[in-house]
Amino acid sequence: MTEHDYEPIPGLPGLLPPGERIVWQGAPDWRALARRAYHTRAVTAYFGVLGAWAVIAAVARGIHGPGDLSGVALTAMFGIVAVGLLRALAWGAARTTLYTLTNRRVVLRIGVAFPKCINLPLAVIGTVGLAVQGDRSGDIPLALVGERRLGYLALWPHARPWHVAAAQPMLRALPDAAQVASLIARACLEVQPGGQVAVPVTSAAQGHGLRQAVAA
């Protein structure tokens, strides 16, 4: 039993008020989250370079026994442990995360050690973005309008990278990200009918498609 077993509705801090209904619920794919939020591939590559350097150094000194390869073994061990810990963190984050879209708000139930629910009324969502990766999973950053500010560290890893001063909540590593982004955009446009949907463009800097629904 976990603390989430006491939720009246999974992923929500309380019962829905009259007139509000759930449109969609989902969670990150932990493997995709490990790659993109916890950078397991970069860490693997880093220890791979260190391991190659240790092998070159051992060959240069001359290998006379297993002891001469101790540096290589230690590098490999630390690399396996580091990547394993990062993957475990990603698994825990995905397991304790539940994103909810209703016809009035987006709710992020996040947090492993300190669970919390973040309510984002559709009226304060100015832009719905979509970044799709090669494995077809994707991230959906939500740019907020108005005076409401959220802390980057309080959101991470559910925050758009490099947007620290004006942190943007982000639904991460969703297998059906394109469909979910469309649902959120349509829900925002129902609340803010003056908005518009931008034509998908290609982000050359990141190498993936980017779609935005501007709701303000």
# chains A, B, ... in the order shown; residues from 1 in each chain; ligands from 1
>>> closest_atom_pairs(of="segment 135-187 of chain A", to="segment 88-107 of chain A", cutoff="8 Å", atoms="only C-alpha atoms", output="JSON lines")
{"residue": "A:Leu171", "atom": "CA", "partner": "A:Tyr99", "partner_atom": "CA", "distance": 7.2}
{"residue": "A:Ile184", "atom": "CA", "partner": "A:Leu101", "partner_atom": "CA", "distance": 7.1}
{"residue": "A:Ala187", "atom": "CA", "partner": "A:Asn103", "partner_atom": "CA", "distance": 6.0}
>>> residues_around(residues="His158 of chain A", least_positions_apart="5", cutoff="12 Å", atoms="only C-alpha atoms", output="number ranges by chain")
A: 27-28, 33, 36-38, 90, 93-94, 97-99, 107-111, 118, 139-142, 150-153, 163, 167-174
>>> select_by_dssp(residues="segment 15-127 of chain A", states="helix (DSSP H, G or I)", output="MDAnalysis selection string")
chainID A and resid 30:36 40:61 66:95 122:124
>>> closest_residue(among="A:Arg41, A:Arg148, A:Ala58, A:Asp29", to="Ala177 of chain A", atoms="only C-alpha atoms")
A:Asp29
>>> closest_residue(among="A:Ala32, A:Val164, A:Ala60, A:Leu130", to="Leu183 of chain A", atoms="only C-alpha atoms")
A:Leu130
>>> atom_distance(atom1="atom CA of Val81 of chain A", atom2="atom CA of Arg160 of chain A")
27.2 Å
>>> atom_distance(atom1="atom CA of Ile9 of chain A", atom2="atom CA of Val23 of chain A")
13.5 Å
>>> closest_residue(among="A:Gly11, A:Pro193, A:Gly51, A:Gly19", to="Leu122 of chain A", atoms="only C-alpha atoms")
A:Pro193
>>> atom_distance(atom1="atom CA of Ala76 of chain A", atom2="atom CA of Gly48 of chain A")
7.9 Å
>>> residues_around(residues="Val43 of chain A", least_positions_apart="5", cutoff="10 Å", atoms="only C-alpha atoms", output="VMD selection string")
chain A and resid 35 38 48 to 49 79 to 80 82 to 83 86
>>> write_last_selection(atoms="N, CA and C atoms", output="PDB file, in the first residue's frame")
ATOM      1  N   ARG A  35      16.395   7.985 -20.213  1.00  0.00           N
ATOM      2  CA  ARG A  35      17.276   8.491 -21.262  1.00  0.00           C
ATOM      3  C   ARG A  35      17.293  10.004 -21.320  1.00  0.00           C
ATOM      4  N   TYR A  38      17.255  11.701 -17.006  1.00  0.00           N
ATOM      5  CA  TYR A  38      18.391  11.268 -16.177  1.00  0.00           C
ATOM      6  C   TYR A  38      19.638  10.992 -17.001  1.00  0.00           C
ATOM      7  N   GLY A  48      32.204   4.926 -20.617  1.00  0.00           N
ATOM      8  CA  GLY A  48      32.840   4.206 -21.703  1.00  0.00           C
ATOM      9  C   GLY A  48      34.153   4.860 -22.112  1.00  0.00           C
ATOM     10  N   VAL A  49      34.149   6.186 -22.170  1.00  0.00           N
ATOM     11  CA  VAL A  49      35.387   6.913 -22.498  1.00  0.00           C
ATOM     12  C   VAL A  49      36.425   6.709 -21.397  1.00  0.00           C
ATOM     13  N   GLY A  79      30.586   2.621 -13.400  1.00  0.00           N
ATOM     14  CA  GLY A  79      29.657   2.956 -14.471  1.00  0.00           C
ATOM     15  C   GLY A  79      28.361   2.177 -14.365  1.00  0.00           C
ATOM     16  N   ILE A  80      28.463   0.880 -14.095  1.00  0.00           N
ATOM     17  CA  ILE A  80      27.262   0.042 -13.958  1.00  0.00           C
ATOM     18  C   ILE A  80      26.418   0.510 -12.780  1.00  0.00           C
ATOM     19  N   ALA A  82      26.376   3.552 -11.386  1.00  0.00           N
ATOM     20  CA  ALA A  82      25.813   4.880 -11.647  1.00  0.00           C
ATOM     21  C   ALA A  82      24.599   4.794 -12.570  1.00  0.00           C
ATOM     22  N   VAL A  83      24.736   4.050 -13.656  1.00  0.00           N
ATOM     23  CA  VAL A  83      23.615   3.929 -14.599  1.00  0.00           C
ATOM     24  C   VAL A  83      22.458   3.177 -13.944  1.00  0.00           C
ATOM     25  N   LEU A  86      20.585   5.595 -11.701  1.00  0.00           N
ATOM     26  CA  LEU A  86      19.792   6.543 -12.486  1.00  0.00           C
ATOM     27  C   LEU A  86      18.540   5.876 -13.054  1.00  0.00           C
TER      28      LEU A  86
END
